[in-house]
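Asks: Sending over upload36.cif (mmCIF, C-alpha atoms).
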data_query
#
loop_
_atom_site.label_atom_id
_atom_site.label_comp_id
_atom_site.auth_asym_id
_atom_site.auth_seq_id
_atom_site.Cartn_x
_atom_site.Cartn_y
_atom_site.Cartn_z
CA MET A 1 154.91 3.14 160.39
CA ALA A 2 158.06 2.36 162.28
CA GLY A 3 161.28 2.61 160.34
CA GLU A 4 159.58 4.68 157.68
CA ALA A 5 160.64 8.13 156.62
CA THR A 6 162.61 10.01 159.18
CA LYS A 7 162.55 13.01 156.93
CA ALA A 8 159.28 14.35 155.65
CA ILE A 9 159.06 14.32 151.88
CA ASP A 10 156.56 16.48 150.14
CA LYS A 11 153.33 14.55 149.49
CA SER A 12 153.18 15.68 145.87
CA LEU A 13 156.46 13.88 145.19
CA LEU A 14 155.36 10.54 146.58
CA TRP A 15 153.42 7.95 144.67
CA GLY A 16 149.82 6.94 145.42
CA GLY A 17 150.87 4.53 148.15
CA GLY A 18 152.39 7.36 150.16
CA ARG A 19 155.83 5.97 149.57
CA SER A 20 158.09 5.73 146.56
CA PRO A 21 159.12 2.29 145.39
CA PHE A 22 162.91 2.05 145.07
CA SER A 23 163.20 5.64 146.35
CA VAL A 24 163.09 7.08 142.87
CA SER A 25 160.64 9.40 141.24
CA TYR A 26 158.01 8.09 138.86
CA GLY A 27 159.63 9.76 135.85
CA LYS A 28 163.07 8.33 136.52
CA MET A 29 161.78 4.82 137.02
CA MET A 30 159.74 4.94 133.82
CA MET A 31 162.81 6.22 131.97
CA TRP A 32 164.69 3.16 133.24
CA PHE A 33 161.89 0.84 132.15
CA PHE A 34 161.84 2.47 128.73
CA LEU A 35 165.60 2.06 128.45
CA VAL A 36 165.35 -1.64 129.32
CA SER A 37 162.82 -2.17 126.54
CA ASP A 38 164.93 -0.14 124.13
CA ALA A 39 168.00 -2.14 125.13
CA LEU A 40 166.09 -5.32 124.29
CA THR A 41 165.27 -3.89 120.86
CA PHE A 42 168.89 -3.06 120.13
CA SER A 43 170.03 -6.41 121.47
CA GLY A 44 167.55 -8.07 119.16
CA LEU A 45 169.05 -6.22 116.21
CA LEU A 46 172.63 -7.00 117.19
CA VAL A 47 171.86 -10.66 117.89
CA ALA A 48 170.15 -10.88 114.49
CA TYR A 49 173.31 -9.39 112.99
CA GLY A 50 175.43 -11.95 114.83
CA TYR A 51 173.15 -14.71 113.59
CA ALA A 52 173.59 -13.68 109.96
CA ARG A 53 177.32 -13.17 110.41
CA GLN A 54 177.82 -16.59 111.97
CA ALA A 55 175.60 -18.34 109.42
CA TYR A 56 177.43 -16.80 106.43
CA THR A 57 180.93 -16.61 107.90
CA ALA A 58 182.58 -17.41 104.58
CA SER A 59 181.23 -14.46 102.60
CA TRP A 60 180.73 -11.93 105.39
CA PRO A 61 182.96 -8.84 105.07
CA ILE A 62 185.37 -7.73 107.79
CA GLY A 63 184.73 -4.35 109.37
CA GLU A 64 188.23 -2.95 109.07
CA GLU A 65 188.33 -3.81 105.35
CA VAL A 66 185.12 -1.91 104.69
CA PHE A 67 185.61 1.11 106.93
CA HIS A 68 189.09 2.44 106.29
CA ALA A 69 188.52 5.91 104.91
CA PHE A 70 188.87 9.25 106.66
CA PRO A 71 187.43 12.61 105.54
CA PHE A 72 189.79 14.83 103.52
CA MET A 73 192.46 12.12 103.48
CA GLY A 74 191.74 10.79 99.99
CA HIS A 75 192.71 7.18 99.41
CA THR A 76 194.85 6.64 102.48
CA HIS A 77 194.25 3.36 104.23
CA MET A 78 193.24 4.10 107.84
CA PRO A 79 191.23 1.16 109.10
CA LEU A 80 188.80 1.85 111.94
CA ILE A 81 190.29 5.25 112.74
CA TYR A 82 187.19 7.15 111.68
CA VAL A 83 184.82 4.93 113.66
CA ALA A 84 187.13 5.21 116.66
CA THR A 85 186.95 8.99 116.36
CA MET A 86 183.16 8.79 116.34
CA THR A 87 183.31 6.60 119.45
CA PHE A 88 185.50 9.16 121.22
CA ILE A 89 183.13 11.97 120.28
CA LEU A 90 180.21 10.07 121.80
CA ILE A 91 182.16 9.12 124.94
CA ILE A 92 183.22 12.73 125.48
CA SER A 93 179.68 14.02 124.98
CA SER A 94 178.57 11.41 127.49
CA VAL A 95 181.13 12.78 129.95
CA THR A 96 179.93 16.36 129.48
CA MET A 97 176.39 15.10 130.07
CA VAL A 98 177.30 13.44 133.36
CA LEU A 99 179.08 16.66 134.37
CA ALA A 100 175.86 18.56 133.61
CA VAL A 101 173.96 16.14 135.86
CA GLU A 102 176.56 16.63 138.60
CA ALA A 103 176.29 20.42 138.28
CA GLY A 104 172.52 20.06 138.53
CA HIS A 105 172.89 18.23 141.83
CA ARG A 106 174.74 21.31 143.13
CA MET A 107 172.00 23.60 141.75
CA ASP A 108 174.72 25.21 139.62
CA ARG A 109 172.68 26.65 136.78
CA LYS A 110 175.70 28.08 134.93
CA GLY A 111 177.48 24.73 135.08
CA VAL A 112 174.46 22.85 133.73
CA THR A 113 174.10 25.34 130.88
CA LYS A 114 177.76 25.00 129.93
CA TRP A 115 178.02 21.22 130.04
CA LEU A 116 174.63 20.59 128.45
CA GLY A 117 175.64 22.98 125.67
CA TYR A 118 178.82 20.99 125.02
CA THR A 119 176.77 17.79 124.99
CA ILE A 120 174.48 19.16 122.29
CA ILE A 121 177.48 20.21 120.20
CA GLY A 122 178.97 16.72 120.59
CA GLY A 123 175.69 15.21 119.47
CA PHE A 124 175.66 17.33 116.33
CA ILE A 125 179.27 16.41 115.52
CA PHE A 126 178.41 12.73 115.88
CA LEU A 127 175.36 13.08 113.61
CA GLY A 128 177.49 14.85 111.00
CA SER A 129 180.12 12.11 111.20
CA GLN A 130 177.47 9.48 110.69
CA ALA A 131 176.08 11.33 107.68
CA TRP A 132 179.58 11.33 106.15
CA GLU A 133 180.00 7.63 106.86
CA TRP A 134 176.65 6.76 105.32
CA SER A 135 177.42 8.78 102.22
CA HIS A 136 180.80 7.10 101.91
CA PHE A 137 179.30 3.66 102.44
CA ILE A 138 176.57 4.26 99.84
CA HIS A 139 178.94 5.75 97.28
CA GLY A 140 181.51 3.02 97.87
CA SER A 141 184.96 2.57 96.35
CA ALA A 142 186.04 0.98 93.08
CA GLY A 143 183.41 -1.78 93.15
CA TYR A 144 183.28 -4.99 91.11
CA ILE A 145 181.74 -6.42 87.95
CA THR A 146 179.82 -9.63 87.42
CA THR A 147 180.40 -11.62 84.23
CA GLU A 148 178.56 -14.35 82.32
CA SER A 149 181.16 -16.93 83.33
CA GLY A 150 180.10 -16.39 86.95
CA VAL A 151 183.44 -14.93 88.03
CA ASN A 152 183.43 -11.57 89.78
CA TYR A 153 186.27 -9.15 89.06
CA PHE A 154 187.16 -6.35 91.40
CA LEU A 155 188.25 -3.02 89.94
CA ASN A 156 191.46 -1.39 91.08
CA GLU A 157 190.22 2.03 90.02
CA GLU A 158 186.75 3.52 89.91
CA VAL A 159 185.14 3.98 86.48
CA PRO A 160 183.12 7.21 86.72
CA HIS A 161 179.68 7.56 85.16
CA GLY A 162 179.70 8.25 81.46
CA MET A 163 183.30 7.12 80.99
CA SER A 164 184.58 3.87 79.52
CA ALA A 165 187.22 1.71 81.15
CA SER A 166 189.78 2.53 78.46
CA GLU A 167 189.78 6.18 79.57
CA VAL A 168 190.78 5.24 83.11
CA GLU A 169 194.51 5.28 83.72
CA ASN A 170 196.14 1.98 84.68
CA PHE A 171 192.79 0.20 84.62
CA ALA A 172 193.04 -3.35 85.94
CA LEU A 173 190.84 -6.10 87.29
CA ILE A 174 191.51 -8.48 90.14
CA ALA A 175 189.86 -11.89 90.27
CA ASN A 176 189.22 -13.59 93.63
CA ILE A 177 190.12 -10.75 95.88
CA GLY A 178 191.25 -11.75 99.35
CA GLU A 179 192.23 -15.28 98.29
CA GLU A 180 195.71 -16.73 97.90
CA ASN A 181 195.35 -17.20 94.16
CA GLU A 182 194.71 -13.57 93.31
CA THR A 183 195.19 -12.83 89.62
CA LEU A 184 195.70 -9.41 88.10
CA ILE A 185 194.33 -8.67 84.64
CA GLU A 186 195.59 -5.53 82.94
CA GLY A 187 195.36 -3.58 79.70
CA GLN A 188 193.14 -4.53 76.77
CA GLN A 189 192.01 -7.75 78.38
CA ALA A 190 190.70 -5.92 81.42
CA VAL A 191 188.89 -3.34 79.32
CA ALA A 192 187.28 -6.09 77.23
CA LEU A 193 186.11 -7.89 80.36
CA PHE A 194 184.70 -4.65 81.70
CA ASP A 195 182.87 -3.87 78.47
CA ASN A 196 181.27 -7.35 78.37
CA ARG A 197 180.19 -7.25 82.01
CA LEU A 198 176.75 -8.18 83.23
CA ASP A 199 176.63 -5.63 86.00
CA TYR A 200 178.84 -3.02 87.61
CA ILE A 201 178.24 -3.00 91.36
CA GLN A 202 179.52 -0.02 93.26
CA GLY A 203 178.67 1.19 96.75
CA ALA A 204 175.62 -0.08 98.55
CA ASN A 205 171.86 -0.01 98.48
CA MET A 206 169.13 -2.16 100.02
CA THR A 207 169.35 -4.95 97.43
CA ILE A 208 173.03 -5.23 96.54
CA ASN A 209 176.40 -3.91 97.67
CA GLU A 210 180.07 -4.26 96.83
CA TYR A 211 181.11 -5.33 100.35
CA GLY A 212 179.33 -8.63 100.89
CA PRO A 213 175.88 -10.22 101.15
CA PRO A 214 172.90 -7.84 100.81
CA GLN A 215 172.08 -8.41 104.48
CA TYR A 216 175.37 -6.76 105.42
CA ALA A 217 174.33 -3.37 104.04
CA ASN A 218 170.79 -3.86 105.35
CA PHE A 219 172.09 -4.43 108.85
CA PHE A 220 174.46 -1.48 108.52
CA PHE A 221 171.65 0.83 107.46
CA PHE A 222 169.21 -0.44 110.06
CA ILE A 223 171.46 -0.70 113.11
CA THR A 224 173.47 2.50 112.65
CA GLY A 225 170.36 4.24 111.32
CA PHE A 226 168.27 3.24 114.33
CA HIS A 227 171.09 4.33 116.61
CA GLY A 228 171.53 7.58 114.69
CA PHE A 229 167.82 8.24 115.08
CA HIS A 230 168.26 7.79 118.83
CA VAL A 231 171.13 10.28 118.79
CA PHE A 232 168.99 12.71 116.84
CA SER A 233 166.04 12.47 119.24
CA GLY A 234 168.50 12.70 122.13
CA VAL A 235 169.87 15.96 120.74
CA VAL A 236 166.32 17.31 120.34
CA ILE A 237 165.43 16.37 123.94
CA ASN A 238 168.71 17.88 125.15
CA ILE A 239 167.92 21.14 123.35
CA ILE A 240 164.45 21.28 124.93
CA VAL A 241 165.92 20.70 128.40
CA PHE A 242 168.69 23.20 127.64
CA LEU A 243 166.06 25.86 126.93
CA GLY A 244 164.35 24.93 130.20
CA VAL A 245 167.64 25.37 132.05
CA THR A 246 168.34 28.78 130.54
CA LYS A 247 164.77 29.88 131.38
CA GLY A 248 165.32 28.79 134.98
CA ILE A 249 162.40 26.31 135.08
CA TYR A 250 164.36 23.70 137.04
CA GLU A 251 165.89 26.33 139.30
CA ARG A 252 162.38 27.33 140.39
CA ARG A 253 161.32 23.68 140.68
CA GLY A 254 164.14 23.17 143.19
CA HIS A 255 165.84 20.25 141.47
CA TYR A 256 167.45 19.36 138.15
CA GLU A 257 166.04 15.86 137.82
CA MET A 258 164.94 16.55 134.27
CA VAL A 259 168.62 16.88 133.29
CA GLU A 260 169.28 13.57 135.03
CA LYS A 261 166.49 11.84 133.10
CA THR A 262 167.60 13.11 129.71
CA GLY A 263 171.12 12.20 130.83
CA LEU A 264 170.00 8.61 131.32
CA TYR A 265 168.75 8.55 127.75
CA TRP A 266 171.92 10.13 126.40
CA HIS A 267 174.17 7.68 128.24
CA PHE A 268 172.07 4.86 126.92
CA VAL A 269 172.75 6.06 123.38
CA ASP A 270 176.47 5.97 124.18
CA LEU A 271 176.09 2.51 125.69
CA VAL A 272 174.46 1.20 122.53
CA TRP A 273 177.24 2.66 120.40
CA VAL A 274 179.84 0.84 122.51
CA PHE A 275 178.17 -2.44 121.54
CA VAL A 276 177.63 -1.46 117.91
CA PHE A 277 181.31 -0.48 117.69
CA THR A 278 182.43 -3.87 118.99
CA PHE A 279 180.02 -6.15 117.20
CA PHE A 280 179.63 -4.34 113.90
CA TYR A 281 183.07 -2.84 113.32
CA LEU A 282 185.60 -4.80 115.37
CA ILE A 283 184.45 -8.41 115.25
CA MET B 1 168.01 -9.23 155.36
CA GLU B 2 168.38 -5.52 155.44
CA ARG B 3 165.47 -3.70 153.88
CA ASP B 4 166.44 -1.00 151.47
CA ASP B 5 163.03 -0.05 150.12
CA LEU B 6 162.29 2.33 152.96
CA ILE B 7 163.05 6.00 152.91
CA VAL B 8 165.30 6.28 155.93
CA ASN B 9 166.99 9.52 154.98
CA ASP B 10 166.76 12.08 152.23
CA SER B 11 167.89 9.66 149.56
CA TYR B 12 164.75 10.10 147.48
CA SER B 13 166.13 10.70 143.99
CA VAL B 14 164.67 14.17 143.47
CA GLN B 15 166.36 15.36 146.65
CA ALA B 16 169.71 13.77 145.91
CA ASN B 17 171.55 17.09 145.92
CA HIS B 18 175.11 17.34 147.14
CA ASP B 19 177.52 20.07 148.20
CA GLU B 20 180.70 21.36 146.57
CA ALA B 21 183.06 18.98 148.42
CA HIS B 22 181.02 15.93 147.51
CA GLY B 23 180.79 17.22 143.95
CA LYS B 24 184.56 17.30 143.70
CA GLN B 25 184.70 13.64 144.70
CA ILE B 26 182.08 12.72 142.10
CA ARG B 27 183.92 14.65 139.38
CA LYS B 28 187.10 12.79 140.22
CA LYS B 29 185.28 9.52 139.65
CA ILE B 30 183.88 10.82 136.36
CA TYR B 31 187.36 11.76 135.11
CA PHE B 32 188.67 8.34 136.11
CA VAL B 33 185.93 6.59 134.14
CA THR B 34 186.58 8.90 131.16
CA LEU B 35 190.24 7.91 131.10
CA LEU B 36 189.36 4.25 131.49
CA LEU B 37 186.82 4.27 128.64
CA SER B 38 189.24 6.11 126.35
CA ALA B 39 192.08 3.74 127.20
CA ILE B 40 189.97 0.65 126.56
CA THR B 41 188.74 2.06 123.24
CA THR B 42 192.33 2.83 122.18
CA VAL B 43 193.43 -0.70 123.02
CA GLU B 44 190.47 -2.12 121.10
CA VAL B 45 191.24 -0.08 117.99
CA GLY B 46 194.93 -0.99 118.20
CA LEU B 47 194.18 -4.68 118.45
CA GLY B 48 191.62 -4.39 115.66
CA ILE B 49 194.15 -2.78 113.32
CA PHE B 50 197.16 -4.96 114.04
CA ILE B 51 195.63 -8.41 114.56
CA LYS B 52 193.95 -9.74 111.46
CA GLN B 53 190.89 -11.93 111.54
CA GLY B 54 191.61 -15.56 110.80
CA THR B 55 195.03 -15.63 112.45
CA ASP B 56 195.76 -18.01 115.33
CA PHE B 57 195.60 -15.18 117.82
CA TRP B 58 192.25 -13.89 116.62
CA PRO B 59 189.89 -15.92 118.89
CA VAL B 60 191.68 -14.52 121.97
CA VAL B 61 191.37 -10.99 120.59
CA LYS B 62 187.71 -11.52 119.75
CA TRP B 63 186.82 -12.63 123.26
CA SER B 64 188.93 -9.86 124.77
CA PHE B 65 186.91 -7.38 122.67
CA ILE B 66 183.73 -8.74 124.19
CA ALA B 67 185.19 -8.64 127.71
CA MET B 68 186.42 -5.05 127.24
CA THR B 69 183.01 -4.03 125.89
CA LEU B 70 181.32 -5.46 128.96
CA VAL B 71 183.75 -3.57 131.22
CA LYS B 72 182.94 -0.34 129.38
CA ALA B 73 179.21 -1.06 129.60
CA PHE B 74 179.51 -1.71 133.33
CA TYR B 75 181.18 1.63 133.98
CA ILE B 76 178.75 3.56 131.79
CA VAL B 77 175.74 2.04 133.54
CA ALA B 78 177.13 2.07 137.08
CA VAL B 79 178.77 5.50 137.09
CA PHE B 80 177.42 7.61 134.23
CA MET B 81 173.85 6.37 134.63
CA HIS B 82 174.21 6.26 138.44
CA LEU B 83 172.70 2.80 138.67
CA GLY B 84 175.47 1.96 141.13
CA ASP B 85 174.09 4.63 143.48
CA GLU B 86 170.50 3.40 143.31
CA ARG B 87 168.80 0.98 145.67
CA LYS B 88 169.76 -2.68 145.26
CA SER B 89 166.15 -3.56 144.51
CA LEU B 90 166.06 -1.14 141.57
CA GLN B 91 169.39 -2.45 140.27
CA TYR B 92 168.01 -5.99 140.16
CA VAL B 93 164.72 -4.90 138.60
CA ILE B 94 166.63 -3.25 135.75
CA ILE B 95 169.43 -5.76 135.19
CA ALA B 96 167.95 -9.19 135.94
CA PRO B 97 165.12 -9.37 133.35
CA TYR B 98 167.40 -8.00 130.66
CA VAL B 99 170.22 -10.44 131.34
CA ILE B 100 167.87 -13.45 131.48
CA PHE B 101 166.28 -12.58 128.13
CA ILE B 102 169.53 -11.81 126.37
CA LEU B 103 171.43 -14.86 127.59
CA TYR B 104 168.61 -17.02 126.25
CA LEU B 105 168.52 -15.10 122.96
CA LEU B 106 172.29 -15.41 122.56
CA TYR B 107 172.15 -19.12 123.25
CA ILE B 108 169.37 -19.83 120.79
CA ALA B 109 170.76 -17.59 118.02
CA GLY B 110 174.28 -18.93 118.49
CA THR B 111 173.19 -22.56 118.28
CA GLU B 112 170.97 -22.08 115.27
CA SER B 113 173.38 -19.95 113.26
CA SER B 114 176.29 -22.32 113.91
CA TYR B 115 174.17 -25.20 112.66
CA LEU B 116 173.24 -23.22 109.55
CA ASN B 117 176.89 -22.41 108.95
CA GLU B 118 177.82 -26.10 109.14
CA LEU B 119 175.10 -26.90 106.63
CA TRP B 120 176.44 -24.28 104.23
CA LEU B 121 179.95 -25.65 104.49
CA GLU B 122 178.83 -29.28 104.10
CA PHE B 123 176.53 -28.80 101.13
CA LYS B 124 178.56 -26.18 99.34
CA PRO B 125 177.98 -26.54 95.59
#
Represent the structure of the file as structure tokens.

Replies:
Amino acid sequence: MAGEATKAIDKSLLWGGGRSPFSVSYGKMMMWFFLVSDALTFSGLLVAYGYARQAYTASWPIGEEVFHAFPFMGHTHMPLIYVATMTFILIISSVTMVLAVEAGHRMDRKGVTKWLGYTIIGGFIFLGSQAWEWSHFIHGSAGYITTESGVNYFLNEEVPHGMSASEVENFALIANIGEENETLIEGQQAVALFDNRLDYIQGANMTINEYGPPQYANFFFFITGFHGFHVFSGVVINIIVFLGVTKGIYERRGHYEMVEKTGLYWHFVDLVWVFVFTFFYLI
Amino acid sequence: MERDDLIVNDSYSVQANHDEAHGKQIRKKIYFVTLLLSAITTVEVGLGIFIKQGTDFWPVVKWSFIAMTLVKAFYIVAVFMHLGDERKSLQYVIIAPYVIFILYLLYIAGTESSYLNELWLEFKP
């Protein structure tokens, strides 16, 4: 055929038609198709989150007011800093991945080993960070109580299990947090209110949480959990490919396309986090 | 129209190897994108911390967040995922169906949730 290949490509690499559609290998194209379908799944989740957020604007919590803690920093108020750190970790591990792909294109086995190794470490750090964030989100902060009168009071200080409010120093309750007409209740009155509470809600689970509507925690668990699961499987795939690199499988095969394909998946995980960061934490 | 579905040179993806000089060029691009992504993220976090939701300036910030996110997404897909280096036909096959579905989904979810929100506000007990 005129205008067809000027350079002979090995028959085993071409598809059944004797020519490769889009000039990519079968594996790479299927990875792209998988990523499109996965992107639709994540978009569905994020759009569903946006739907709930828009429909319940009045009671929906604001990201920076929920996520303001940092490990080993105690009660300091550092809004968004921790999530930003996680974002940087994922961006940097994405960069090391693309450097591994670039080294693979030069058939530089040492370079691929090094950069892929860094990528795996970055993935583990991110997973650890997410575990800390989940634990902090589930454990929560001071929490609030519900009362028979229907008013919710927010605690200024956590009341630990097995202790009564009177044992907590400077115990106080705040009614209508976040509103202009905030009122502070201190001393005996606060302790009495606490003792006659209906429920003490602290942290988060699937049915109730101290931050906002139950859907808020559900979306948090599902979206970041589904993303975290992708990071986890990405790390596993990276480790498998890393072992292949150190064994020299791709060196013998003559190309490092396997690193490129896992790279596509890893970058996709980073891409999803960019959107989760914006729509879940920032907006 | 120029056809780009034919293999005219060695651009078949498995054989897309390059030499040291070309690699240097590619790495330069990677470092540029790294700096850009980090800078955008820093700006986003800064805006998020200092501009509170509900203020007059917030809608501008909100839409700038979305714009900055799309810029980041573009660079990740085009450079890190190399979609910018693929054939045009493949680029369209990947991007077009996704964009069509999502724009529709955004439209329908946005309309419905805004309506629901209005109902909540109107019939608030």

Asks: Calculate how many Å separate CA of His267 in chain A from CA of Tyr49 in chain A, rounding to one decimal.

Replies: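 Atom-to-atom, CA of His267 in chain A and CA of Tyr49 in chain A are spaced 22.9 Å apart.
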
Asks: For this structure, which residues satisfy the selection - the PyMOL selection byres ((chain B and resi 79-85) around 9) - when it is evaluated on the file as given? I want them as a list in words.

Replies: Ser94, Val95, Met97, Val98, Glu260, Gly263, Leu264, Tyr265, His267 and Phe268 of chain A; Lys29, Ile30, Val33, Phe74, Tyr75, Ile76, Val77, Ala78, Glu86, Arg87, Lys88, Leu90 and Gln91 of chain B

Asks: As an exercise, work out the distance from CA of Pro160 in chain A to CA of Trp60 in chain A in Å and give it to one decimal place.

Replies: 26.8 Å

Asks: How far is it from CA of Ile125 in chain A to CA of Val36 in chain A, in Å with one decimal?

Replies: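 Answer for the CA of Ile125 in chain A to CA of Val36 in chain A separation: 26.6 Å.
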
Asks: Using all atoms listed in the file, pick whichever of B:Val71, B:Phe123, B:Ile49, B:Lys24 has the shortest atom-to-atom distance to chain A.

Replies: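 Of B:Val71, B:Phe123, B:Ile49, B:Lys24, the one nearest chain A is B:Ile49, counting all atoms listed in the file.
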
Asks: Hey, what comes out of the PyMOL selection byres ((chain A and resi 233-239) around 10) on this file? Could you write it as a count of residues only?

Replies: 31
